[in-house]
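Undergrad: Just passing along the structure, written as structure tokens.
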Amino acid sequence: MSKYVFVTGGVLSGLGKGVTAASIALLIKSMGYSVTAIKIDPYVNVDAGTMNPYMHGEVFVTEDGGETDLDIGHYERFLDINLSKDNNITTGKIYSIVIEKERRGDFLGQTVQIIPHVTDEIKHQIELVAKKYGSDVTVVEIGGTVGDIEGLPFLEAARQLRLERGPENVVFTHVVLVPRISTLGELKTKPAQHSMQELRRIGIQPDILVARSSTPLTDEARGKLSLFGNLPPSHIFSNPDVDVIYEVPLRLHAQGLTKVLAKKLELEYVEPDLSPWVEYVEKFNNPERRVRVAMVGKYTKLTDSYLSIIEALKHSGTSLGVRPELIWVEATDVEKGVVNVQEISSSVDGAVILPGFGERGVEGKINAIRIFREAGVPLLGICFGLQLMVVEFARNVLGLSNAHTTEVDPRTPHPVVDLLSSQRGTIVKGGTMRLGSIEVKLIPSTLAWRIYEGVNVVSERHRHRYQINPAYLSSFEENGFIVSGVGPEGFPEIMELRSHKFYLGVQFHPEFKSRPLRPSPIFTAFIKALVGLPLS
């Protein structure tokens with residue numbers, strides 16, 4: 001039977017609960033215990049797939065095609081395991097199950113209520129995930145902040161689970177903000193006090209407190225949190241801002257969190273081997289060289305929209321002793337003429353054409369691609385990035401004026417990018433894209449084949465509805481823009497420009513499988529191209 005660590009948050013969102021939960025999971029795993037992690041999102045959406053990235057950051061795709069919260073990405077990267085769509089539980093998912101059971105007659109004769117029916121289903125779904133992975137410990141992060149109406153059923157379910165299983169099997173960790181007022185130079189604990197008070201009103205007394213702040217906690221602040229939070233100072237942990245998130249578990253461990261968790265959960269304490277993470281952080285903080293990378297996208301005002309790509313660049317860069325400096329280029333500003341891509345192209349070492357959907361910013365991206373291609377700047381296009389690389393090449397090299405993707409222009413005379421045949425007639429938007437892990441066959445002797453070290457077939461994660469139109473491939477290949485990877489349906493998954501130093505587009509999302517200690521081959525090859533290193 002799994003033990004549980006619930007991670008809740010107060011004061012405001014964006015505190016780093018996901019990183020805290022992932023750090024706790026890593027520390028427990030490093031003691032030799034099996035661990036899985038669950039993200040609970042109280043929104044009524046069934047999953048994250050239909051939400052604008054500006055609303056909730058990137059959509060992280062799992063191996064089994066789940067469109068999940070970005071914190072699932074944190075869990076996978078810290079734990080170096082593949083999770084599934086089941087690891088992301090939402091209000092929409094829970095209510096759909098409960099309503100389906102009611103319609104089927106499972107509750108016949110009963111008045112279906114939040115308590116016990118909804119809370120019982122929440123507990124059941126959590127236990128199903130723990131059983132699926134056979135985990136000794138399951139870390140459960142409850143999204144949002146304490147006091148949110150939509151989060152109350154999940155907090156109640158956690159309270160009940162503690163009552164049913166006992167304090168040795170269920171531990172509550174609360175993450176709070178301790179702001180520093182710059183004019184006073186003082187850390188203020190009052191917001192955290194109110195947050196813990198609200199949690200206790202709901203019926204939950206935190207066992208562990210993680211305090212987020214710009215600077216380390218002072219003894220005075222720790223004392224106040226202990227007094228008003230009703231927990232010993234040894235159970236209060238400072239989590240100040242760091243340059244790299246993989247330093248967080250090291251800092252928490254140094255303060256004794258691992259021992260406290262082991263004691264509270266009645267687990268035998270084993271000193272964890274965190275040396276690979278210490279080495280990673282050391283390499284990240286002391287790069288041998290730096291590169292500038294232009295990041296061209298349409299959601300650049302919220303960089304969490306591209307979180308996994310940012311992390312993948314860091315992973316590959318750190319493995320090579322390189323620190324990428326990201327230069328954000330908003331595609332809509334390129335369209336308006338506010339941003340001069342010509343100037344940017346002469347000041348960066350490489351560029352990434354970021355994924356996205358819809359018409360906004362498309363012409364800006366296409367213009368940027370042309371400038372980078374003509375300037376010989378190493379370029380990596382991801383998903384929609386590849387598709388627009390194809391559109392740009394068709395217009396400016398093949399001479400197919402008005403070539404486009406039918407996603408943006410359904411009447412284009414040259415649909416070089418078109419809707420997948422499997423998507424035709426699809427009406428429901430949620431969960432219906434080409435999703436999850438799909439095999440890609442690599443063409444021998446190509447750049448892509450060399451990047452994957454001569455492997456013939458690789459597996460990468462996908463999220464798209466459109467494909468490169470095979471009808472135009474002969475014209476592309478005659479002009480050096482060749483296909484170097486194909487999917488099981490036979491359409492292009494990877495294309496590369498032979499005459500270019502590094503000009504590669506991929507239909508899949510290699511960032512989703514990149515790990516700090518096991519970086520993505522695609523991003524590693526890209527960084528190598530920026531610093532002039534050979535592939536092998």
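Lettering and numbering for the structure tokens are positional, with chains as A, B, ... in the shown order, residues counted from 1 in each chain, and ligands counted from 1 in the shown order.
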Quick one: residues within 8 Å of stretch 434-443 of chain A, only C-alpha atoms counted, chain neighbours fewer than 3 positions away excluded, as a PyMOL selection string?
TA: chain A and resi 61-66+431+446+448-449+455-465+483-488+493
Undergrad: Once you have the residues from the selection above, write them out as a CSV table (one decimal), in the first residue's frame, restricted to N, CA and C atoms.
TA:
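Contents of result_20.csv, freshly written:
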chain,number,residue,atom,x,y,z
A,61,VAL,N,3.0,16.6,-23.3
A,61,VAL,CA,2.5,15.4,-23.8
A,61,VAL,C,3.2,14.2,-23.3
A,62,THR,N,2.5,13.2,-22.8
A,62,THR,CA,3.0,12.0,-22.3
A,62,THR,C,3.2,10.9,-23.4
A,63,GLU,N,3.8,9.8,-23.1
A,63,GLU,CA,4.0,8.7,-24.0
A,63,GLU,C,2.7,8.2,-24.6
A,64,ASP,N,1.7,8.1,-23.7
A,64,ASP,CA,0.4,7.5,-24.1
A,64,ASP,C,-0.5,8.6,-24.7
A,65,GLY,N,0.0,9.8,-25.0
A,65,GLY,CA,-0.8,10.8,-25.7
A,65,GLY,C,-1.6,11.6,-24.8
A,66,GLY,N,-1.3,11.7,-23.5
A,66,GLY,CA,-2.0,12.6,-22.6
A,66,GLY,C,-1.6,14.0,-22.8
A,431,GLY,N,-8.4,16.1,-27.2
A,431,GLY,CA,-7.8,14.8,-27.2
A,431,GLY,C,-7.9,14.1,-28.5
A,446,THR,N,21.9,10.5,-43.5
A,446,THR,CA,21.4,11.9,-43.3
A,446,THR,C,21.9,12.5,-42.0
A,448,ALA,N,20.0,13.7,-39.7
A,448,ALA,CA,19.1,13.1,-38.6
A,448,ALA,C,19.6,11.7,-38.2
A,449,TRP,N,20.0,10.9,-39.1
A,449,TRP,CA,20.5,9.6,-38.9
A,449,TRP,C,21.8,9.6,-38.0
A,455,VAL,N,21.0,4.9,-35.5
A,455,VAL,CA,19.8,4.1,-35.2
A,455,VAL,C,18.8,4.3,-36.4
A,456,ASN,N,18.1,3.2,-36.7
A,456,ASN,CA,17.2,3.2,-37.9
A,456,ASN,C,15.8,3.7,-37.5
A,457,VAL,N,15.4,3.4,-36.3
A,457,VAL,CA,14.0,3.8,-35.8
A,457,VAL,C,14.1,4.4,-34.5
A,458,VAL,N,13.5,5.6,-34.3
A,458,VAL,CA,13.4,6.2,-33.0
A,458,VAL,C,11.9,6.5,-32.6
A,459,SER,N,11.7,6.7,-31.4
A,459,SER,CA,10.3,7.0,-30.9
A,459,SER,C,10.3,8.4,-30.3
A,460,GLU,N,9.4,9.3,-30.8
A,460,GLU,CA,9.3,10.6,-30.3
A,460,GLU,C,7.8,11.0,-30.1
A,461,ARG,N,7.6,12.0,-29.3
A,461,ARG,CA,6.2,12.4,-28.9
A,461,ARG,C,5.6,13.4,-29.9
A,462,HIS,N,4.4,13.3,-30.2
A,462,HIS,CA,3.7,14.2,-31.2
A,462,HIS,C,2.5,14.9,-30.6
A,463,ARG,N,2.2,16.0,-31.3
A,463,ARG,CA,1.0,16.7,-31.0
A,463,ARG,C,0.6,17.6,-32.2
A,464,HIS,N,-0.1,17.1,-33.2
A,464,HIS,CA,-0.4,17.9,-34.4
A,464,HIS,C,-1.6,17.4,-35.1
A,465,ARG,N,-2.1,18.2,-36.0
A,465,ARG,CA,-3.2,17.8,-36.9
A,465,ARG,C,-2.8,17.9,-38.4
A,483,VAL,N,13.9,14.8,-47.1
A,483,VAL,CA,13.3,14.1,-46.0
A,483,VAL,C,14.3,13.2,-45.3
A,484,SER,N,14.5,13.3,-44.0
A,484,SER,CA,15.4,12.4,-43.4
A,484,SER,C,14.8,11.5,-42.3
A,485,GLY,N,13.5,11.6,-42.1
A,485,GLY,CA,12.8,10.8,-41.2
A,485,GLY,C,11.3,10.7,-41.6
A,486,VAL,N,10.7,9.5,-41.6
A,486,VAL,CA,9.3,9.3,-42.0
A,486,VAL,C,8.5,8.6,-40.9
A,487,GLY,N,7.2,8.9,-40.8
A,487,GLY,CA,6.4,8.2,-39.9
A,487,GLY,C,5.8,6.9,-40.5
A,488,PRO,N,5.1,6.2,-39.7
A,488,PRO,CA,4.5,4.9,-40.1
A,488,PRO,C,3.5,5.1,-41.3
A,493,GLU,N,8.6,13.3,-41.2
A,493,GLU,CA,8.7,13.6,-39.8
A,493,GLU,C,9.9,14.5,-39.5
Undergrad: Using only C-alpha atoms, which residues sit within 7 Å of A:Ala37 once same-chain residues fewer than 2 positions away are excluded, as a list in words?
TA: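 After dropping sequence-adjacent residues, the list is Val35, Lys39, Tyr75, Asn87, Thr138, Val139 and Val140 of chain A.
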Undergrad: I need the residues in stretch 196-276 of chain A that are alpha helix (DSSP H) according to DSSP; give them as a ChimeraX atom specification.
TA: /A:196-202,219-229,248-254,257-264,275-276
Undergrad: Restricting it to N, CA, C and O atoms, dump the selection as a short mmCIF file (atom, residue, chain, number, x, y, z; two decimals), in the first residue's frame.
TA:
data_model
loop_
_atom_site.label_atom_id
_atom_site.label_comp_id
_atom_site.auth_asym_id
_atom_site.auth_seq_id
_atom_site.Cartn_x
_atom_site.Cartn_y
_atom_site.Cartn_z
N MET A 196 -1.69 29.23 6.05
CA MET A 196 -1.75 28.05 6.93
C MET A 196 -3.04 28.04 7.75
O MET A 196 -3.61 26.99 8.02
N GLN A 197 -3.48 29.23 8.14
CA GLN A 197 -4.73 29.32 8.89
C GLN A 197 -5.90 28.83 8.04
O GLN A 197 -6.79 28.12 8.53
N GLU A 198 -5.91 29.21 6.77
CA GLU A 198 -6.97 28.77 5.86
C GLU A 198 -6.91 27.26 5.68
O GLU A 198 -7.95 26.58 5.62
N LEU A 199 -5.71 26.71 5.61
CA LEU A 199 -5.56 25.26 5.44
C LEU A 199 -6.08 24.52 6.67
O LEU A 199 -6.77 23.50 6.55
N ARG A 200 -5.79 25.06 7.85
CA ARG A 200 -6.28 24.44 9.08
C ARG A 200 -7.81 24.54 9.18
O ARG A 200 -8.47 23.63 9.70
N ARG A 201 -8.37 25.65 8.67
CA ARG A 201 -9.83 25.79 8.68
C ARG A 201 -10.49 24.69 7.86
O ARG A 201 -11.58 24.23 8.19
N ILE A 202 -9.80 24.27 6.80
CA ILE A 202 -10.31 23.19 5.95
C ILE A 202 -10.16 21.84 6.64
O ILE A 202 -10.83 20.87 6.29
N ASP A 219 16.28 33.56 10.86
CA ASP A 219 15.84 32.86 12.07
C ASP A 219 14.55 33.46 12.62
O ASP A 219 13.68 32.75 13.11
N GLU A 220 14.45 34.79 12.52
CA GLU A 220 13.25 35.47 13.01
C GLU A 220 12.01 35.04 12.22
O GLU A 220 10.96 34.73 12.80
N ALA A 221 12.14 34.99 10.88
CA ALA A 221 11.02 34.58 10.04
C ALA A 221 10.65 33.12 10.31
O ALA A 221 9.46 32.76 10.40
N ARG A 222 11.65 32.27 10.44
CA ARG A 222 11.40 30.86 10.72
C ARG A 222 10.66 30.69 12.05
O ARG A 222 9.76 29.87 12.19
N GLY A 223 11.07 31.48 13.04
CA GLY A 223 10.42 31.41 14.35
C GLY A 223 8.96 31.79 14.28
O GLY A 223 8.10 31.15 14.92
N LYS A 224 8.64 32.82 13.53
CA LYS A 224 7.24 33.24 13.39
C LYS A 224 6.42 32.17 12.66
O LYS A 224 5.28 31.87 13.05
N LEU A 225 7.00 31.60 11.62
CA LEU A 225 6.28 30.57 10.88
C LEU A 225 6.03 29.35 11.76
O LEU A 225 4.98 28.72 11.68
N SER A 226 7.00 29.03 12.61
CA SER A 226 6.85 27.91 13.52
C SER A 226 5.74 28.18 14.54
O SER A 226 4.86 27.34 14.76
N LEU A 227 5.76 29.36 15.12
CA LEU A 227 4.80 29.72 16.17
C LEU A 227 3.38 29.74 15.62
O LEU A 227 2.46 29.14 16.20
N PHE A 228 3.19 30.46 14.52
CA PHE A 228 1.83 30.64 13.99
C PHE A 228 1.40 29.50 13.06
O PHE A 228 0.21 29.37 12.77
N GLY A 229 2.36 28.70 12.63
CA GLY A 229 2.01 27.56 11.77
C GLY A 229 1.84 26.28 12.54
O GLY A 229 1.45 25.25 11.98
N VAL A 248 17.21 22.86 -6.38
CA VAL A 248 16.23 22.88 -5.29
C VAL A 248 16.30 21.62 -4.41
O VAL A 248 16.37 21.73 -3.18
N PRO A 249 16.28 20.40 -4.99
CA PRO A 249 16.35 19.23 -4.10
C PRO A 249 17.64 19.18 -3.29
O PRO A 249 17.64 18.69 -2.16
N LEU A 250 18.73 19.70 -3.85
CA LEU A 250 20.01 19.71 -3.12
C LEU A 250 19.92 20.63 -1.91
O LEU A 250 20.39 20.28 -0.81
N ARG A 251 19.30 21.77 -2.08
CA ARG A 251 19.15 22.72 -0.97
C ARG A 251 18.21 22.19 0.10
O ARG A 251 18.47 22.32 1.30
N LEU A 252 17.12 21.57 -0.33
CA LEU A 252 16.17 21.03 0.63
C LEU A 252 16.79 19.86 1.40
O LEU A 252 16.59 19.72 2.62
N HIS A 253 17.54 19.03 0.71
CA HIS A 253 18.21 17.91 1.37
C HIS A 253 19.24 18.40 2.39
O HIS A 253 19.34 17.85 3.49
N ALA A 254 19.98 19.44 2.03
CA ALA A 254 21.00 19.99 2.93
C ALA A 254 20.39 20.51 4.23
O ALA A 254 21.07 20.53 5.27
N LEU A 257 15.42 17.89 4.86
CA LEU A 257 14.07 17.50 4.45
C LEU A 257 13.96 15.99 4.25
O LEU A 257 12.94 15.38 4.63
N THR A 258 14.96 15.36 3.67
CA THR A 258 14.90 13.92 3.39
C THR A 258 14.71 13.13 4.68
O THR A 258 13.91 12.19 4.74
N LYS A 259 15.44 13.51 5.72
CA LYS A 259 15.31 12.81 7.00
C LYS A 259 13.94 13.04 7.63
O LYS A 259 13.35 12.12 8.20
N VAL A 260 13.43 14.25 7.51
CA VAL A 260 12.10 14.55 8.06
C VAL A 260 11.04 13.72 7.33
O VAL A 260 10.13 13.15 7.96
N LEU A 261 11.13 13.65 6.00
CA LEU A 261 10.17 12.86 5.23
C LEU A 261 10.23 11.39 5.63
O LEU A 261 9.19 10.75 5.83
N ALA A 262 11.44 10.85 5.76
CA ALA A 262 11.60 9.45 6.14
C ALA A 262 10.99 9.18 7.52
O ALA A 262 10.31 8.17 7.73
N LYS A 263 11.22 10.10 8.43
CA LYS A 263 10.70 9.93 9.79
C LYS A 263 9.18 10.02 9.81
O LYS A 263 8.50 9.19 10.44
N LYS A 264 8.62 11.02 9.13
CA LYS A 264 7.17 11.20 9.13
C LYS A 264 6.46 10.02 8.47
O LYS A 264 5.39 9.62 8.90
N SER A 275 25.03 12.86 -6.12
CA SER A 275 26.24 13.36 -6.80
C SER A 275 26.01 13.71 -8.27
O SER A 275 26.57 14.71 -8.76
N PRO A 276 25.19 12.95 -9.04
CA PRO A 276 24.96 13.36 -10.44
C PRO A 276 24.30 14.73 -10.54
O PRO A 276 24.59 15.51 -11.46
#
Undergrad: Find the residues near stretch 377-379 of chain A: any atom within 6 Å, counting only C-alpha atoms, skip ones fewer than 4 places away on the same chain, and give them as JSON, numbers by chain.
TA: {"A": [350, 351, 352, 372, 502, 503]}
Undergrad: Quick one, how far is atom CA of A:Ile114 from atom CA of A:Val46?
TA: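 Taking atom CA of A:Ile114 as the start and atom CA of A:Val46 as the end point, the length is 17.6 Å.
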Undergrad: Taking into account only C-alpha atoms, which residue in the set A:Asp333, A:Gly49, A:Thr8, A:Pro324 is nearest to A:Gln205?
TA: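 Closest residue, counting only C-alpha atoms: A:Thr8.
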Undergrad: I'd like the neighbourhood of stretch 418-429 of chain A as a count of residues only, where a residue qualifies if any of its atoms comes within 7 Å (using only C-alpha atoms), though same-chain residues fewer than 6 positions away should be ignored.
TA: 7
Undergrad: Taking only C-alpha atoms into account, which of A:Gly32, A:Gly105, A:Val338, A:Ser23 comes nearest A:Leu79?
TA: A:Ser23
Undergrad: For A:Arg212, which residue out of A:Lys336, A:Lys190, A:Lys17, A:Arg395 is the nearest one, using only C-alpha atoms?
TA: A:Lys17
Undergrad: Of the candidates A:Ile181, A:Asp120, A:Ile24, A:Thr36, which one gets nearest to A:Tyr133 if we count only C-alpha atoms?
TA: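 Smallest separation from A:Tyr133 among the options: A:Thr36.
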Undergrad: I want to know what sits within 6 Å of stretch 506-513 of chain A, based on only C-alpha atoms, with residues of the same chain fewer than 2 positions away left out; could you give that as a ChimeraX atom specification?
TA: /A:308-309,312,382-383,386,461-462,493-494
Undergrad: Work out how far atom CA of A:Leu380 is from atom CA of A:Gln342, in Å to one decimal.
TA: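 Taking atom CA of A:Gln342 and atom CA of A:Leu380, their separation equals 17.6 Å.
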Undergrad: Using only C-alpha atoms, determine which residues lie at most 8 Å from A:Ile327, disregarding the query and same-chain residues fewer than 4 positions distant; provide the list as a PyMOL selection string.
TA: chain A and resi 292-295
Undergrad: Name the residues of stretch 158-245 of chain A that come out as strand (DSSP E) in a backbone DSSP run; write them as an MDAnalysis selection string.
TA: chainID A and resid 170:177 180:181 186:187 208:213 236:240
Undergrad: Only N, CA and C atoms, please: the residues just picked out, written as a CSV table (one decimal), in the first residue's frame.
TA:
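Output saved as out.csv:
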chain,number,residue,atom,x,y,z
A,170,VAL,N,0.3,9.4,5.4
A,170,VAL,CA,-0.1,10.6,4.6
A,170,VAL,C,0.6,11.8,5.3
A,171,VAL,N,1.4,12.5,4.5
A,171,VAL,CA,2.1,13.7,5.0
A,171,VAL,C,1.7,14.9,4.2
A,172,PHE,N,1.4,16.0,4.8
A,172,PHE,CA,1.1,17.3,4.1
A,172,PHE,C,2.2,18.2,4.1
A,173,THR,N,2.6,18.7,2.9
A,173,THR,CA,3.6,19.7,2.7
A,173,THR,C,3.0,20.9,2.1
A,174,HIS,N,3.2,22.1,2.7
A,174,HIS,CA,2.5,23.3,2.3
A,174,HIS,C,3.6,24.3,1.8
A,175,VAL,N,3.4,24.8,0.6
A,175,VAL,CA,4.4,25.8,0.0
A,175,VAL,C,3.8,27.2,0.1
A,176,VAL,N,4.5,28.1,0.7
A,176,VAL,CA,4.0,29.4,0.9
A,176,VAL,C,5.0,30.5,0.4
A,177,LEU,N,4.5,31.7,0.2
A,177,LEU,CA,5.4,32.8,-0.2
A,177,LEU,C,5.7,33.6,1.1
A,180,ARG,N,9.8,39.6,0.5
A,180,ARG,CA,10.7,40.6,1.1
A,180,ARG,C,10.3,41.9,0.6
A,181,ILE,N,10.0,42.8,1.6
A,181,ILE,CA,9.6,44.2,1.2
A,181,ILE,C,10.9,45.0,1.1
A,186,GLU,N,12.9,43.4,4.9
A,186,GLU,CA,12.5,42.5,5.8
A,186,GLU,C,11.6,41.4,5.2
A,187,LEU,N,11.7,40.2,5.6
A,187,LEU,CA,10.9,39.1,5.1
A,187,LEU,C,9.6,39.1,5.9
A,208,ILE,N,4.9,19.8,7.1
A,208,ILE,CA,6.2,20.4,6.5
A,208,ILE,C,5.8,21.7,5.8
A,209,LEU,N,6.6,22.7,6.0
A,209,LEU,CA,6.4,24.0,5.4
A,209,LEU,C,7.6,24.3,4.5
A,210,VAL,N,7.4,24.6,3.2
A,210,VAL,CA,8.4,25.1,2.3
A,210,VAL,C,8.2,26.5,2.0
A,211,ALA,N,9.1,27.4,2.4
A,211,ALA,CA,8.9,28.8,2.3
A,211,ALA,C,9.7,29.3,1.0
A,212,ARG,N,8.9,29.9,0.1
A,212,ARG,CA,9.5,30.5,-1.1
A,212,ARG,C,9.8,31.9,-0.9
A,213,SER,N,11.0,32.4,-1.2
A,213,SER,CA,11.4,33.8,-1.0
A,213,SER,C,12.5,34.1,-1.9
A,236,ILE,N,10.5,23.4,8.9
A,236,ILE,CA,10.3,24.5,8.0
A,236,ILE,C,11.5,24.7,7.1
A,237,PHE,N,11.4,24.7,5.8
A,237,PHE,CA,12.5,24.7,4.9
A,237,PHE,C,12.5,25.9,4.0
A,238,SER,N,13.6,26.5,3.9
A,238,SER,CA,13.8,27.7,3.0
A,238,SER,C,14.1,27.3,1.6
A,239,ASN,N,13.3,27.9,0.7
A,239,ASN,CA,13.5,27.6,-0.7
A,239,ASN,C,13.6,28.9,-1.5
A,240,PRO,N,14.8,29.6,-1.4
A,240,PRO,CA,15.0,30.8,-2.1
A,240,PRO,C,15.2,30.7,-3.6
Undergrad: Using only C-alpha atoms, which protein or nucleic acid residues come within 7 Å of A:His404? Drop anything in the same chain fewer than 3 positions from it, and give the result as a ChimeraX atom specification.
TA: /A:391,409,412,414-417
